[in-house]
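In what follows, a single structure is set out as structure tokens and then discussed.
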Amino acid sequence: MIRIFNHYVPRAALRALVFDLGLVLVLVMLAVSIGTGGISQVMPVAGTHVVSFAACLILVGSASGLYESSGRGSASRSMVRAAIVLLVLLPVAYLIFGLLPAGTGDHGTVQLSVMAGVAALVVRRAYLSHASAAASARTRILIFGAGNAARDVSETLRKNDPNADIVGFVPGPNEKEAAVPAHRILALDDTLPATALRLGVDEIVVALTERRSGSMPLRQLLDCKASGTKVHDLNTHFEKTLGQIRIDYLNASWLIFGDGFNQGAWRSGVKRVFDLFCATLLLVLATPIMLVTTVLIKLESPGPVLYRQERTGLNGRGFSIAKFRSMRNDAERDGKPVWAAANDARVTKVGAVIRRLRIDELPQLFNVLVGDMSLVGPRPERPYFVEQLTQEIPFYALRHSVKPGVTGWAQVRYPYGATVEDSQEKLQYDLYYVKNHTLFLDLVVLMETVSVVLTGRGAR
């Protein structure tokens, strides 16, 4: 993982994106140079076209999820994403390079060359996202611990990091029972630094279930770090591997003395300007969709078009949000709040569609304009559930230290849930966002939101 502006990005995904970007730039420049008479003339004559198409490649490829690791999807999903990318990029390439200035040769030849090259590149990327990584590209990881925590670390690596190569487990001195396969436990015949050197370990994850005095060989771990082997504790491992802060192993001191939670005036100001610009732009673009939605709701069922609810926002303050009504008008006839569930019988036919496409959330852009919400942040919850969840889930109140959002890190990482357990899972992603949020992470969330809308992932 590489940390960019506090957000962990898979090293393999970043390499793939940079490689593909470079390959497309070379391809486009070669295609255009045929008509301009030399590659040195490409940027002065067609620089705007080349840069514009490169930007489209980054935006569409990232938003589609094409560069996600194979741990997060099936081969069929990767092919669907590749098809979506091609449906967008091929017409864009045709339009952009059809606008080349006079004197750049046959535009049709350039257009077809670029389109063919992009198609081959995208199909190749979809295939490589599920191909096994070369041994030289894999990260060799030693897990220090053999209990439940070590087992959880092993499972997260297996499911989420295809480039991770677990060399084995070293049990802690106070761990009496192993929760990992016996044949994966290493006999520590030498010191920990010597063992790490012998096995070619790149990273050590300290995952001790029992942490009483003397359980961690601090000097040996320090020697490992000094010799170039990365050493991570349990909380940092989950943060960088899963993009979440696991509360089952979390202690308050890690949050207090670690980095993150930067809520300064500069960050707040930049985020507010970004929110105003994006919300205004989205409202202008979404106006036709909102008008059609209004008509369809009125035609299908009696009742108001908009559904208003009280939600809990920044620092626990209440505010009212508006959503397009997607349920029957008597959905909560007894007045008691009820979790919305998957395949909820109260949802209308129009409601099912607008929920799947997230159109029901569009009126909340007005909440962004007035300052009650941000474009990206933890989803605001109803006060009735906030009171319940604050009592049952540790650290739940921390999510109210930033403005709630129309979309959020938890929404693009975890499917819709309707239980306290689901709320706990989503809180772990919300804590990651609250701790590490930057404009860069907001952009990542917005691009992944596009992917969620296109695929219908997590709809309820």
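Here's how to read the names in the structure tokens: chain A, B, ... by the order shown, residue numbers from 1 in each chain, ligand numbers from 1 in the order shown.
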
Just list the residues in range 263-430 of chain A DSSP gives helix (DSSP H, G or I) on the backbone, as a ChimeraX atom specification. /A:265-300,314-316,349-356,359-370,383-392,396-401,409-413,420-430

Neighbouring residues of range 279-281 of chain A were defined as those with any atom within 8 Å, considering only C-alpha atoms; residues of the same chain fewer than 2 positions away were excluded. Please report them as number ranges by chain. A: 275-277, 283-285, 365-366, 368-369, 375

Take the residues that were just selected and, keeping N, CA and C atoms, output them as an mmCIF file, in the first residue's frame.
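Output below, filename part26.cif:
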data_model
loop_
_atom_site.group_PDB
_atom_site.id
_atom_site.type_symbol
_atom_site.label_atom_id
_atom_site.label_comp_id
_atom_site.auth_asym_id
_atom_site.auth_seq_id
_atom_site.Cartn_x
_atom_site.Cartn_y
_atom_site.Cartn_z
ATOM 1 N N ASP A 275 -17.651 21.657 -2.023
ATOM 2 C CA ASP A 275 -19.058 21.254 -1.895
ATOM 3 C C ASP A 275 -19.980 22.185 -2.681
ATOM 4 N N LEU A 276 -19.764 23.492 -2.537
ATOM 5 C CA LEU A 276 -20.621 24.464 -3.219
ATOM 6 C C LEU A 276 -20.521 24.328 -4.730
ATOM 7 N N PHE A 277 -19.299 24.179 -5.220
ATOM 8 C CA PHE A 277 -19.093 24.061 -6.674
ATOM 9 C C PHE A 277 -19.743 22.782 -7.210
ATOM 10 N N LEU A 283 -26.687 19.867 -9.404
ATOM 11 C CA LEU A 283 -28.090 20.274 -9.465
ATOM 12 C C LEU A 283 -28.484 20.716 -10.869
ATOM 13 N N VAL A 284 -27.593 21.445 -11.525
ATOM 14 C CA VAL A 284 -27.872 21.882 -12.898
ATOM 15 C C VAL A 284 -27.994 20.671 -13.823
ATOM 16 N N LEU A 285 -27.058 19.721 -13.693
ATOM 17 C CA LEU A 285 -27.068 18.546 -14.560
ATOM 18 C C LEU A 285 -28.247 17.614 -14.250
ATOM 19 N N LEU A 365 -28.793 17.631 -2.144
ATOM 20 C CA LEU A 365 -27.825 18.620 -2.633
ATOM 21 C C LEU A 365 -28.180 20.019 -2.132
ATOM 22 N N PHE A 366 -29.465 20.279 -1.884
ATOM 23 C CA PHE A 366 -29.856 21.567 -1.304
ATOM 24 C C PHE A 366 -29.376 21.680 0.141
ATOM 25 N N VAL A 368 -26.604 20.468 1.090
ATOM 26 C CA VAL A 368 -25.186 20.799 0.925
ATOM 27 C C VAL A 368 -25.022 22.298 0.709
ATOM 28 N N LEU A 369 -25.885 22.888 -0.107
ATOM 29 C CA LEU A 369 -25.781 24.319 -0.407
ATOM 30 C C LEU A 369 -25.982 25.175 0.844
ATOM 31 N N LEU A 375 -20.837 17.073 0.558
ATOM 32 C CA LEU A 375 -21.043 16.126 -0.526
ATOM 33 C C LEU A 375 -20.584 14.731 -0.108
#

With 10 Å as the cut-off and only C-alpha atoms counted, what is the closest atom pair between each nearby residue of range 4-123 of chain A and range 243-253 of chain A? Distances in Å to one decimal, ordered by chain and number, as CSV.
residue,atom,partner,partner_atom,distance
A:His7,CA,A:Gly243,CA,8.3
A:Tyr8,CA,A:Gly243,CA,7.3
A:Val9,CA,A:Gly243,CA,9.3

Nearest residue to Ala63 in chain A out of A:Val412, A:Lys159, A:Thr438, A:Gly147, using only C-alpha atoms?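 Ranked by minimum distance to Ala63 in chain A, first place goes to A:Val412.
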
Residues of range 367-438 of chain A classed as strand (DSSP E or B) by DSSP on the backbone are to be reported as a PyMOL selection string. chain A and resi 374-376+381+405-407

Produce a file of the selected residues containing N, CA and C atoms, as a PDB file, in the first residue's frame.
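What follows is the written file selection.pdb:
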ATOM      1  N   SER A 374     -22.330  17.848   3.745  1.00  0.00           N
ATOM      2  CA  SER A 374     -21.239  17.927   2.781  1.00  0.00           C
ATOM      3  C   SER A 374     -21.545  16.950   1.659  1.00  0.00           C
ATOM      4  N   LEU A 375     -20.837  17.073   0.558  1.00  0.00           N
ATOM      5  CA  LEU A 375     -21.043  16.126  -0.526  1.00  0.00           C
ATOM      6  C   LEU A 375     -20.584  14.731  -0.108  1.00  0.00           C
ATOM      7  N   VAL A 376     -19.478  14.663   0.638  1.00  0.00           N
ATOM      8  CA  VAL A 376     -18.932  13.388   1.098  1.00  0.00           C
ATOM      9  C   VAL A 376     -18.795  13.419   2.615  1.00  0.00           C
ATOM     10  N   GLU A 381     -27.868   9.890  10.294  1.00  0.00           N
ATOM     11  CA  GLU A 381     -28.838   8.919  10.789  1.00  0.00           C
ATOM     12  C   GLU A 381     -29.942   9.618  11.563  1.00  0.00           C
ATOM     13  N   GLY A 405     -22.677  13.352   4.905  1.00  0.00           N
ATOM     14  CA  GLY A 405     -22.549  13.504   3.465  1.00  0.00           C
ATOM     15  C   GLY A 405     -23.684  12.868   2.674  1.00  0.00           C
ATOM     16  N   VAL A 406     -23.835  13.331   1.432  1.00  0.00           N
ATOM     17  CA  VAL A 406     -24.794  12.727   0.506  1.00  0.00           C
ATOM     18  C   VAL A 406     -24.323  11.319   0.141  1.00  0.00           C
ATOM     19  N   THR A 407     -23.021  11.162  -0.016  1.00  0.00           N
ATOM     20  CA  THR A 407     -22.405   9.852  -0.192  1.00  0.00           C
ATOM     21  C   THR A 407     -21.245   9.761   0.777  1.00  0.00           C
TER      22      THR A 407
END

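Minimum distance to Ile354 in chain A across A:Leu443, A:Val32, A:Leu59, A:Val292 (counting only C-alpha atoms) occurs at A:Val292.
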
Quick one: residues within 12 Å of Leu99 in chain A, only C-alpha atoms, excluding same-chain residues fewer than 3 positions away - as number ranges by chain? A: 45-46, 48-50, 52, 92-96, 102-108, 110-111

For the selection just defined, write its residues with N, CA and C atoms to a file, as a short mmCIF file (atom, residue, chain, number, x, y, z; two decimals), in the first residue's frame.
data_model
loop_
_atom_site.label_atom_id
_atom_site.label_comp_id
_atom_site.auth_asym_id
_atom_site.auth_seq_id
_atom_site.Cartn_x
_atom_site.Cartn_y
_atom_site.Cartn_z
N VAL A 45 0.57 20.98 -31.57
CA VAL A 45 -0.59 20.96 -32.44
C VAL A 45 -1.80 20.34 -31.77
N ALA A 46 -1.58 19.24 -31.03
CA ALA A 46 -2.71 18.48 -30.47
C ALA A 46 -2.57 18.22 -28.98
N THR A 48 -3.76 19.75 -26.34
CA THR A 48 -5.02 19.81 -25.58
C THR A 48 -5.82 18.53 -25.74
N HIS A 49 -5.84 17.98 -26.95
CA HIS A 49 -6.59 16.75 -27.21
C HIS A 49 -5.97 15.57 -26.46
N VAL A 50 -4.64 15.49 -26.49
CA VAL A 50 -3.95 14.38 -25.84
C VAL A 50 -4.18 14.41 -24.33
N SER A 52 -6.54 15.98 -22.66
CA SER A 52 -7.96 15.78 -22.35
C SER A 52 -8.33 14.30 -22.35
N VAL A 92 -15.70 8.92 -26.70
CA VAL A 92 -14.93 10.11 -26.30
C VAL A 92 -13.70 10.26 -27.17
N ALA A 93 -13.00 9.14 -27.43
CA ALA A 93 -11.82 9.18 -28.29
C ALA A 93 -12.20 9.62 -29.71
N TYR A 94 -13.31 9.10 -30.20
CA TYR A 94 -13.76 9.45 -31.55
C TYR A 94 -14.05 10.95 -31.66
N LEU A 95 -14.72 11.50 -30.62
CA LEU A 95 -15.08 12.92 -30.64
C LEU A 95 -13.86 13.82 -30.47
N ILE A 96 -13.01 13.49 -29.48
CA ILE A 96 -11.85 14.35 -29.19
C ILE A 96 -10.91 14.42 -30.38
N ALA A 102 -6.79 21.33 -38.56
CA ALA A 102 -6.40 21.01 -39.94
C ALA A 102 -4.89 20.86 -40.02
N GLY A 103 -4.46 19.99 -40.92
CA GLY A 103 -3.03 19.79 -41.10
C GLY A 103 -2.47 18.67 -40.26
N THR A 104 -3.35 17.90 -39.59
CA THR A 104 -2.88 16.77 -38.77
C THR A 104 -3.19 15.44 -39.45
N GLY A 105 -3.35 15.48 -40.76
CA GLY A 105 -3.53 14.24 -41.49
C GLY A 105 -4.97 13.75 -41.48
N ASP A 106 -5.12 12.48 -41.80
CA ASP A 106 -6.44 11.86 -41.86
C ASP A 106 -6.97 11.61 -40.45
N HIS A 107 -8.00 12.37 -40.07
CA HIS A 107 -8.56 12.23 -38.73
C HIS A 107 -9.14 10.83 -38.50
N GLY A 108 -9.72 10.24 -39.54
CA GLY A 108 -10.31 8.91 -39.40
C GLY A 108 -9.28 7.87 -39.00
N VAL A 110 -6.44 8.42 -37.36
CA VAL A 110 -6.05 8.69 -35.97
C VAL A 110 -7.12 8.17 -35.02
N GLN A 111 -8.38 8.45 -35.33
CA GLN A 111 -9.47 8.02 -34.47
C GLN A 111 -9.52 6.50 -34.32
#

Please identify every residue of range 352-444 of chain A that has at least one atom no farther than 10 Å from an atom of range 254-261 of chain A, counting only C-alpha atoms, and for each give the shortest atom pair and the distance in Å to one decimal, arranged by chain then increasing number, as CSV.
residue,atom,partner,partner_atom,distance
A:Ser401,CA,A:Phe261,CA,9.1
A:Val402,CA,A:Phe261,CA,9.7
A:Leu431,CA,A:Phe261,CA,9.6
A:Tyr432,CA,A:Gly260,CA,9.3
A:Tyr433,CA,A:Phe261,CA,9.1
A:Val434,CA,A:Phe261,CA,6.3
A:Lys435,CA,A:Phe261,CA,4.4
A:Asn436,CA,A:Gly260,CA,5.5
A:His437,CA,A:Phe261,CA,7.9

All residues 7 Å or closer to range 76-90 of chain A, only C-alpha atoms, same chain fewer than 4 positions away omitted, as a PyMOL selection string: chain A and resi 60-61+64-66+94+115+119+122-123+126

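Considering only C-alpha atoms, the residue among A:His183, A:Arg328, A:Arg138, A:Arg399 positioned nearest to Asp161 in chain A is A:Arg138.
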